[in-house]
$ cat run19.cif   # mmCIF, C-alpha atoms
data_upload
loop_
_atom_site.label_atom_id
_atom_site.label_comp_id
_atom_site.auth_asym_id
_atom_site.auth_seq_id
_atom_site.Cartn_x
_atom_site.Cartn_y
_atom_site.Cartn_z
CA MET A 1 49.22 74.59 -118.08
CA ASP A 2 47.96 77.69 -116.30
CA GLN A 3 50.49 78.59 -113.62
CA THR A 4 47.84 79.06 -110.94
CA LEU A 5 46.48 75.59 -111.60
CA LYS A 6 49.98 74.11 -111.67
CA LYS A 7 50.83 75.64 -108.30
CA GLN A 8 47.59 74.38 -106.77
CA LEU A 9 48.27 70.87 -108.04
CA GLU A 10 51.79 71.01 -106.60
CA ILE A 11 50.39 72.12 -103.24
CA THR A 12 47.82 69.33 -103.27
CA ALA A 13 50.40 66.72 -104.28
CA CYS A 14 52.56 67.78 -101.34
CA LYS A 15 49.60 67.35 -98.98
CA VAL A 16 48.96 63.94 -100.58
CA ARG A 17 52.54 62.93 -99.82
CA MET A 18 52.09 64.04 -96.22
CA GLY A 19 48.98 61.86 -96.01
CA ILE A 20 50.93 58.89 -97.36
CA ILE A 21 53.60 59.25 -94.68
CA GLU A 22 50.96 59.81 -91.98
CA GLY A 23 49.07 56.67 -92.93
CA VAL A 24 52.05 54.34 -93.26
CA PHE A 25 53.65 55.63 -90.05
CA ASN A 26 50.48 55.09 -88.03
CA ALA A 27 49.99 51.65 -89.56
CA LYS A 28 53.62 50.74 -88.90
CA SER A 29 53.49 48.95 -92.24
CA GLY A 30 52.73 49.68 -95.88
CA HIS A 31 54.38 50.81 -99.08
CA PRO A 32 55.60 54.41 -99.06
CA GLY A 33 58.10 54.30 -101.96
CA GLY A 34 55.77 53.50 -104.83
CA SER A 35 52.97 55.54 -103.25
CA LEU A 36 55.12 58.67 -103.30
CA SER A 37 56.10 58.06 -106.94
CA VAL A 38 52.46 58.14 -108.12
CA ALA A 39 51.32 61.05 -105.94
CA ASP A 40 51.59 63.65 -108.72
CA LEU A 41 49.82 61.41 -111.24
CA LEU A 42 46.87 60.68 -108.94
CA THR A 43 46.65 64.33 -107.92
CA TYR A 44 46.44 65.38 -111.55
CA LEU A 45 43.78 62.77 -112.35
CA TYR A 46 41.49 63.39 -109.37
CA PHE A 47 41.87 67.16 -109.15
CA HIS A 48 41.94 68.05 -112.84
CA LYS A 49 41.35 65.27 -115.33
CA MET A 50 38.76 62.82 -114.08
CA HIS A 51 35.02 63.40 -113.89
CA VAL A 52 34.19 62.36 -110.32
CA ASP A 53 31.95 63.62 -107.53
CA PRO A 54 32.85 62.94 -103.86
CA LYS A 55 29.20 63.50 -102.93
CA ASN A 56 28.09 60.84 -105.42
CA PRO A 57 31.00 58.38 -105.70
CA LYS A 58 28.99 55.78 -107.62
CA MET A 59 27.49 58.09 -110.25
CA ALA A 60 27.09 56.19 -113.50
CA ASP A 61 28.99 58.55 -115.78
CA ARG A 62 32.07 58.97 -113.57
CA ASP A 63 35.53 58.20 -114.89
CA ARG A 64 37.03 55.07 -113.32
CA LEU A 65 40.47 54.42 -111.88
CA VAL A 66 41.90 50.96 -111.24
CA LEU A 67 45.01 50.94 -109.07
CA SER A 68 46.51 47.76 -110.49
CA LYS A 69 49.58 48.25 -108.26
CA GLY A 70 47.23 47.98 -105.30
CA HIS A 71 49.93 48.00 -102.63
CA THR A 72 50.29 51.75 -103.25
CA ALA A 73 46.85 52.24 -101.71
CA PRO A 74 48.23 54.89 -99.29
CA ALA A 75 48.56 57.23 -102.29
CA LEU A 76 45.03 56.55 -103.53
CA TYR A 77 43.55 56.96 -100.05
CA SER A 78 45.41 60.22 -99.49
CA VAL A 79 44.17 61.63 -102.80
CA LEU A 80 40.61 60.52 -102.14
CA ALA A 81 40.73 62.15 -98.70
CA GLN A 82 42.08 65.42 -100.09
CA ARG A 83 39.37 65.31 -102.78
CA GLY A 84 36.67 64.99 -100.12
CA PHE A 85 35.58 61.36 -100.37
CA PHE A 86 36.28 60.95 -96.64
CA GLU A 87 38.03 62.85 -93.85
CA VAL A 88 41.81 63.30 -93.99
CA ASP A 89 42.11 62.19 -90.34
CA GLU A 90 40.89 58.75 -91.38
CA LEU A 91 44.27 58.17 -93.05
CA LYS A 92 45.68 57.53 -89.57
CA THR A 93 43.56 54.36 -89.39
CA LEU A 94 45.34 52.70 -92.33
CA ARG A 95 45.58 48.91 -91.88
CA LYS A 96 44.11 48.99 -88.37
CA ILE A 97 41.50 46.51 -87.14
CA GLY A 98 38.04 47.82 -87.97
CA SER A 99 39.27 50.44 -90.44
CA ARG A 100 37.86 50.50 -93.95
CA LEU A 101 41.28 51.63 -95.20
CA GLN A 102 42.75 48.20 -95.76
CA GLY A 103 46.27 47.52 -97.00
CA HIS A 104 44.87 47.22 -100.52
CA PRO A 105 41.89 49.04 -102.09
CA ASP A 106 38.42 47.68 -101.27
CA MET A 107 35.61 48.81 -103.56
CA LYS A 108 32.88 47.54 -101.21
CA HIS A 109 33.70 49.80 -98.30
CA ILE A 110 35.85 52.74 -99.42
CA PRO A 111 34.13 55.64 -101.22
CA GLY A 112 35.82 56.45 -104.52
CA VAL A 113 37.50 53.06 -105.02
CA ASP A 114 36.32 51.58 -108.32
CA MET A 115 38.04 48.18 -108.13
CA SER A 116 39.46 45.98 -105.40
CA THR A 117 43.08 45.23 -106.26
CA GLY A 118 46.19 43.75 -104.73
CA SER A 119 47.16 40.65 -106.70
CA LEU A 120 49.65 42.13 -109.12
CA GLY A 121 48.87 41.82 -112.81
CA GLN A 122 45.13 41.46 -112.34
CA GLY A 123 43.99 45.08 -112.10
CA ILE A 124 44.65 45.85 -115.77
CA SER A 125 42.40 42.94 -116.74
CA ALA A 126 39.60 44.38 -114.62
CA ALA A 127 40.18 47.76 -116.25
CA CYS A 128 39.80 46.14 -119.67
CA GLY A 129 36.47 44.67 -118.61
CA ILE A 130 35.23 48.01 -117.31
CA ALA A 131 36.32 49.71 -120.53
CA LEU A 132 34.66 47.07 -122.70
CA SER A 133 31.46 47.46 -120.71
CA GLY A 134 31.54 51.18 -121.44
CA LYS A 135 31.95 50.50 -125.14
CA ILE A 136 29.06 48.02 -125.22
CA SER A 137 26.80 50.43 -123.30
CA CYS A 138 27.91 53.45 -125.37
CA ASP A 139 28.96 55.25 -122.18
CA ASN A 140 31.44 58.10 -122.31
CA TYR A 141 33.50 57.43 -119.21
CA LYS A 142 37.26 56.89 -119.33
CA VAL A 143 39.10 54.13 -117.50
CA TYR A 144 42.57 54.79 -116.07
CA ALA A 145 44.71 51.91 -114.86
CA VAL A 146 47.93 52.47 -112.89
CA LEU A 147 50.52 49.70 -113.09
CA GLY A 148 53.98 49.26 -111.61
CA ASP A 149 56.99 48.59 -113.82
CA GLY A 150 57.78 45.51 -111.73
CA GLU A 151 54.14 44.44 -112.02
CA ILE A 152 54.35 44.23 -115.80
CA GLU A 153 56.63 41.22 -115.40
CA GLU A 154 53.33 39.37 -114.82
CA GLY A 155 52.11 37.49 -117.90
CA GLN A 156 48.47 38.40 -117.32
CA VAL A 157 49.35 42.04 -118.04
CA TRP A 158 50.24 41.12 -121.61
CA GLU A 159 47.10 39.03 -122.09
CA ALA A 160 45.16 42.14 -121.06
CA ALA A 161 47.26 44.28 -123.40
CA MET A 162 46.42 41.97 -126.30
CA PHE A 163 42.73 41.99 -125.36
CA ALA A 164 42.57 45.80 -125.13
CA ALA A 165 44.12 46.33 -128.55
CA HIS A 166 42.00 43.61 -130.16
CA ASN A 167 38.84 45.27 -128.85
CA LYS A 168 40.03 48.80 -129.75
CA LEU A 169 39.52 50.08 -126.20
CA ASP A 170 40.32 53.72 -126.84
CA ASN A 171 38.50 54.62 -123.62
CA LEU A 172 41.33 52.92 -121.67
CA VAL A 173 44.55 54.63 -120.56
CA ALA A 174 47.15 52.54 -118.75
CA ILE A 175 49.87 54.40 -116.88
CA VAL A 176 53.04 52.45 -116.06
CA ASP A 177 54.91 53.89 -113.09
CA ASN A 178 58.49 53.41 -114.24
CA ASN A 179 60.49 54.15 -111.08
CA GLY A 180 62.95 51.37 -111.86
CA LEU A 181 62.66 49.54 -108.52
CA GLN A 182 60.60 46.66 -107.17
CA ILE A 183 60.62 44.80 -103.87
CA ASP A 184 63.70 42.72 -104.71
CA GLY A 185 65.79 45.42 -106.37
CA LYS A 186 66.19 47.06 -109.77
CA ILE A 187 63.66 45.86 -112.35
CA THR A 188 66.47 45.43 -114.86
CA GLU A 189 68.18 42.95 -112.52
CA VAL A 190 65.14 41.04 -111.23
CA CYS A 191 63.35 40.25 -114.51
CA SER A 192 63.72 43.11 -116.96
CA PRO A 193 60.52 44.21 -118.73
CA MET A 194 62.50 46.60 -120.90
CA PRO A 195 61.96 48.08 -123.44
CA ILE A 196 58.53 48.93 -122.06
CA THR A 197 57.51 51.36 -124.81
CA ASP A 198 58.37 48.92 -127.60
CA LYS A 199 56.43 46.11 -125.93
CA PHE A 200 53.20 48.10 -125.65
CA GLU A 201 53.59 49.34 -129.21
CA ALA A 202 54.06 45.76 -130.39
CA PHE A 203 50.81 44.83 -128.63
CA GLY A 204 48.95 47.52 -130.57
CA TRP A 205 48.85 50.39 -128.08
CA HIS A 206 49.54 54.06 -128.68
CA VAL A 207 52.46 54.85 -126.36
CA ILE A 208 53.36 58.17 -124.71
CA THR A 209 56.21 58.91 -122.31
CA MET A 210 56.17 61.58 -119.64
CA ASN A 211 57.95 63.02 -116.62
CA ALA A 212 55.89 61.85 -113.63
CA HIS A 213 56.78 64.88 -111.52
CA ASP A 214 56.20 67.74 -113.96
CA PHE A 215 52.56 68.82 -114.22
CA ASN A 216 53.17 70.54 -117.54
CA ASP A 217 54.45 67.29 -119.01
CA ILE A 218 51.68 65.28 -117.38
CA GLU A 219 49.11 67.56 -119.03
CA ARG A 220 50.87 67.25 -122.40
CA ALA A 221 50.74 63.45 -122.18
CA PHE A 222 47.06 63.28 -121.25
CA ASP A 223 46.13 65.86 -123.89
CA GLU A 224 47.77 63.61 -126.47
CA ALA A 225 45.96 60.57 -125.08
CA GLU A 226 42.61 62.31 -125.57
CA LYS A 227 43.23 62.56 -129.31
CA ILE A 228 43.76 58.82 -129.89
CA ASN A 229 40.96 56.83 -131.51
CA GLY A 230 40.77 53.10 -132.13
CA GLN A 231 43.63 52.16 -129.78
CA PRO A 232 44.21 51.89 -126.04
CA VAL A 233 46.85 54.29 -124.74
CA ALA A 234 49.84 53.44 -122.55
CA ILE A 235 51.58 56.29 -120.77
CA ILE A 236 55.01 55.33 -119.46
CA GLN A 237 55.83 57.77 -116.68
CA LYS A 238 59.45 58.09 -115.57
CA SER A 239 59.27 58.57 -111.82
CA VAL A 240 61.37 58.58 -108.66
CA LYS A 241 60.50 56.00 -106.05
CA GLY A 242 60.05 57.78 -102.73
CA LYS A 243 59.70 61.17 -104.46
CA GLY A 244 59.55 64.11 -102.06
CA VAL A 245 61.32 62.52 -99.08
CA SER A 246 65.09 62.80 -99.47
CA PHE A 247 66.14 59.62 -97.67
CA MET A 248 63.48 57.53 -99.41
CA GLU A 249 64.20 58.61 -102.98
CA ASN A 250 65.55 55.84 -105.22
CA GLN A 251 66.01 53.52 -102.23
CA VAL A 252 64.57 50.04 -102.78
CA GLY A 253 64.35 49.43 -99.03
CA TRP A 254 61.43 51.86 -98.83
CA HIS A 255 59.28 49.73 -101.13
CA GLY A 256 57.46 48.18 -98.17
CA THR A 257 58.91 49.67 -94.96
CA ALA A 258 57.24 52.10 -92.58
CA PRO A 259 59.26 54.98 -91.08
CA ASN A 260 60.04 54.96 -87.36
CA ALA A 261 59.30 58.01 -85.21
CA GLU A 262 62.55 59.78 -86.05
CA GLN A 263 62.20 59.08 -89.78
CA TYR A 264 58.56 60.19 -89.65
CA GLU A 265 59.55 63.54 -88.15
CA GLN A 266 62.24 64.02 -90.78
CA ALA A 267 59.93 63.11 -93.66
CA MET A 268 57.10 65.32 -92.44
CA GLY A 269 59.52 68.14 -91.76
CA GLU A 270 60.80 68.01 -95.33
CA LEU A 271 57.29 67.91 -96.77
CA LYS A 272 56.07 70.74 -94.54
CA ALA A 273 59.00 72.86 -95.71
CA GLN A 274 58.08 72.10 -99.32
CA LEU A 275 54.47 73.03 -98.63
CA GLU A 276 55.41 76.30 -96.96
CA LYS A 277 57.59 77.19 -99.96
CA LEU A 278 54.79 76.42 -102.39
CA GLU A 279 52.20 78.36 -100.39
CA GLY A 280 54.53 81.28 -99.68
#
$ encode --input "run19.cif" --output "structure tokens"
Amino acid sequence: MDQTLKKQLEITACKVRMGIIEGVFNAKSGHPGGSLSVADLLTYLYFHKMHVDPKNPKMADRDRLVLSKGHTAPALYSVLAQRGFFEVDELKTLRKIGSRLQGHPDMKHIPGVDMSTGSLGQGISAACGIALSGKISCDNYKVYAVLGDGEIEEGQVWEAAMFAAHNKLDNLVAIVDNNGLQIDGKITEVCSPMPITDKFEAFGWHVITMNAHDFNDIERAFDEAEKINGQPVAIIQKSVKGKGVSFMENQVGWHGTAPNAEQYEQAMGELKAQLEKLEG
């Protein structure tokens, strides 16, 4: 990846993380941990990979993204705001009465949201339907679905996986955010979905692994995905829950907890320092 582009993506991802903390703090509720772990992925997709237009969010030939792990909406909203779909200041209205930024994505009211999600396991099925529609209509758009590693304990995920392979949905890329933690603890202790790569391969998918926080590796993975024909692609990204905020990293308690005022100041201070370093 060009170093100038890489640096710009890193700067944007840092701003996205700041937006996540801003939103969850002002809401006094939400899911910062898993939102922070997908910040780099969503930044890469919306600022480099996907064909989208903030001025025309419903254009027919846009690429689609389905946030199957819908509780990490703070990350999606922050990326959409940075991309220009709505004002960054609106992030402060997360989960408030009258705000369109609900706790989970709402396609009817939020510009740039392609599918309403929240019930875990169901988003990937919607993504399969969108991808199949594209195949039937001979459209060229890509569909990206972001799942949690705890989410793939849901049986419906594997029905969708079977459906996607059977219908040769090579316009579908599923990204599993493998941060190793879910609301009740380590995924390996709650109801282990491991080995994730072998499971998707057994269901007929082309599987790629990547480092979720290295833009060079992210680009390598998506470049490989572009070359696959006749199969859906699953990218298993190894990530750090709470990435970017020291006291949140790899801590299961930050799955669905908002920071208090002191924690907010610490988190924002750390992220501002990272941003200054990147921009310096």
$ closest_residue --input "run19.cif" --among "A:Lys28, A:Arg17, A:Lys6, A:His51" --to "Gly103 (chain A)" --atoms "only C-alpha atoms"
A:Lys28
$ residues_near_point --input "run19.cif" --point "(43.9, 51.2, -88.0)" --cutoff "12 Å" --atoms "all atoms listed in the file" --output "list of chain:residue names"
A:Glu22, A:Gly23, A:Val24, A:Phe25, A:Asn26, A:Ala27, A:Lys28, A:Ser29, A:Gly30, A:Asp89, A:Glu90, A:Leu91, A:Lys92, A:Thr93, A:Leu94, A:Arg95, A:Lys96, A:Ile97, A:Gly98, A:Ser99, A:Arg100, A:Leu101, A:Gln102, A:Gly103
$ residues_around --input "run19.cif" --residues "Cys14 (chain A)" --least-positions-apart "5" --cutoff "12 Å" --atoms "all atoms listed in the file" --output "NGL selection string"
:A and (7-9 or 19-21 or 36-40 or 42-43 or 75 or 78-79 or 82 or 213 or 243-245 or 267-279)
$ resolve_selection --input "run19.cif" --expression "the PyMOL selection byres ((chain A and resi 209) around 9)" --output "mmCIF file with C-alpha atoms, in the coordinates of the input"
data_model
loop_
_atom_site.group_PDB
_atom_site.id
_atom_site.type_symbol
_atom_site.label_atom_id
_atom_site.label_comp_id
_atom_site.auth_asym_id
_atom_site.auth_seq_id
_atom_site.Cartn_x
_atom_site.Cartn_y
_atom_site.Cartn_z
ATOM 1 C CA THR A 197 57.510 51.360 -124.810
ATOM 2 C CA VAL A 207 52.460 54.850 -126.360
ATOM 3 C CA ILE A 208 53.360 58.170 -124.710
ATOM 4 C CA MET A 210 56.170 61.580 -119.640
ATOM 5 C CA ASN A 211 57.950 63.020 -116.620
ATOM 6 C CA ALA A 221 50.740 63.450 -122.180
ATOM 7 C CA ALA A 234 49.840 53.440 -122.550
ATOM 8 C CA ILE A 235 51.580 56.290 -120.770
ATOM 9 C CA ILE A 236 55.010 55.330 -119.460
ATOM 10 C CA GLN A 237 55.830 57.770 -116.680
ATOM 11 C CA LYS A 238 59.450 58.090 -115.570
#
$ atom_distance --input "run19.cif" --atom1 "CA of Leu181 (chain A)" --atom2 "CA of His71 (chain A)"
14.1 Å
$ resolve_selection --input "run19.cif" --expression "the PyMOL selection byres ((chain A and resi 252) around 10)" --output "JSON, numbers by chain"
{"A": [33, 34, 180, 181, 182, 183, 184, 185, 186, 241, 242, 248, 249, 250, 251, 253, 254, 255, 256, 257]}
$ resolve_selection --input "run19.cif" --expression "the PyMOL selection byres ((chain A and resi 157) around 12)" --output "VMD selection string"
chain A and resid 68 to 69 119 to 128 145 to 156 158 to 164 174 176 193 199 to 200 203
$ closest_residue --input "run19.cif" --among "A:Lys49, A:Pro74, A:Met115, A:Asp63" --to "Met18 (chain A)" --atoms "only C-alpha atoms"
A:Pro74
$ atom_distance --input "run19.cif" --atom1 "CA of His206 (chain A)" --atom2 "CA of Lys135 (chain A)"
18.3 Å
$ closest_residue --input "run19.cif" --among "A:Ala60, A:Ala81, A:Val52, A:Val66" --to "Thr12 (chain A)" --atoms "only C-alpha atoms"
A:Ala81
$ closest_residue --input "run19.cif" --among "A:Val240, A:Ile175, A:Leu65, A:Ile187" --to "Pro32 (chain A)" --atoms "all atoms listed in the file"
A:Val240
$ closest_residue --input "run19.cif" --among "A:Tyr144, A:Tyr77, A:Phe247, A:Phe86" --to "Pro57 (chain A)" --atoms "only C-alpha atoms"
A:Phe86
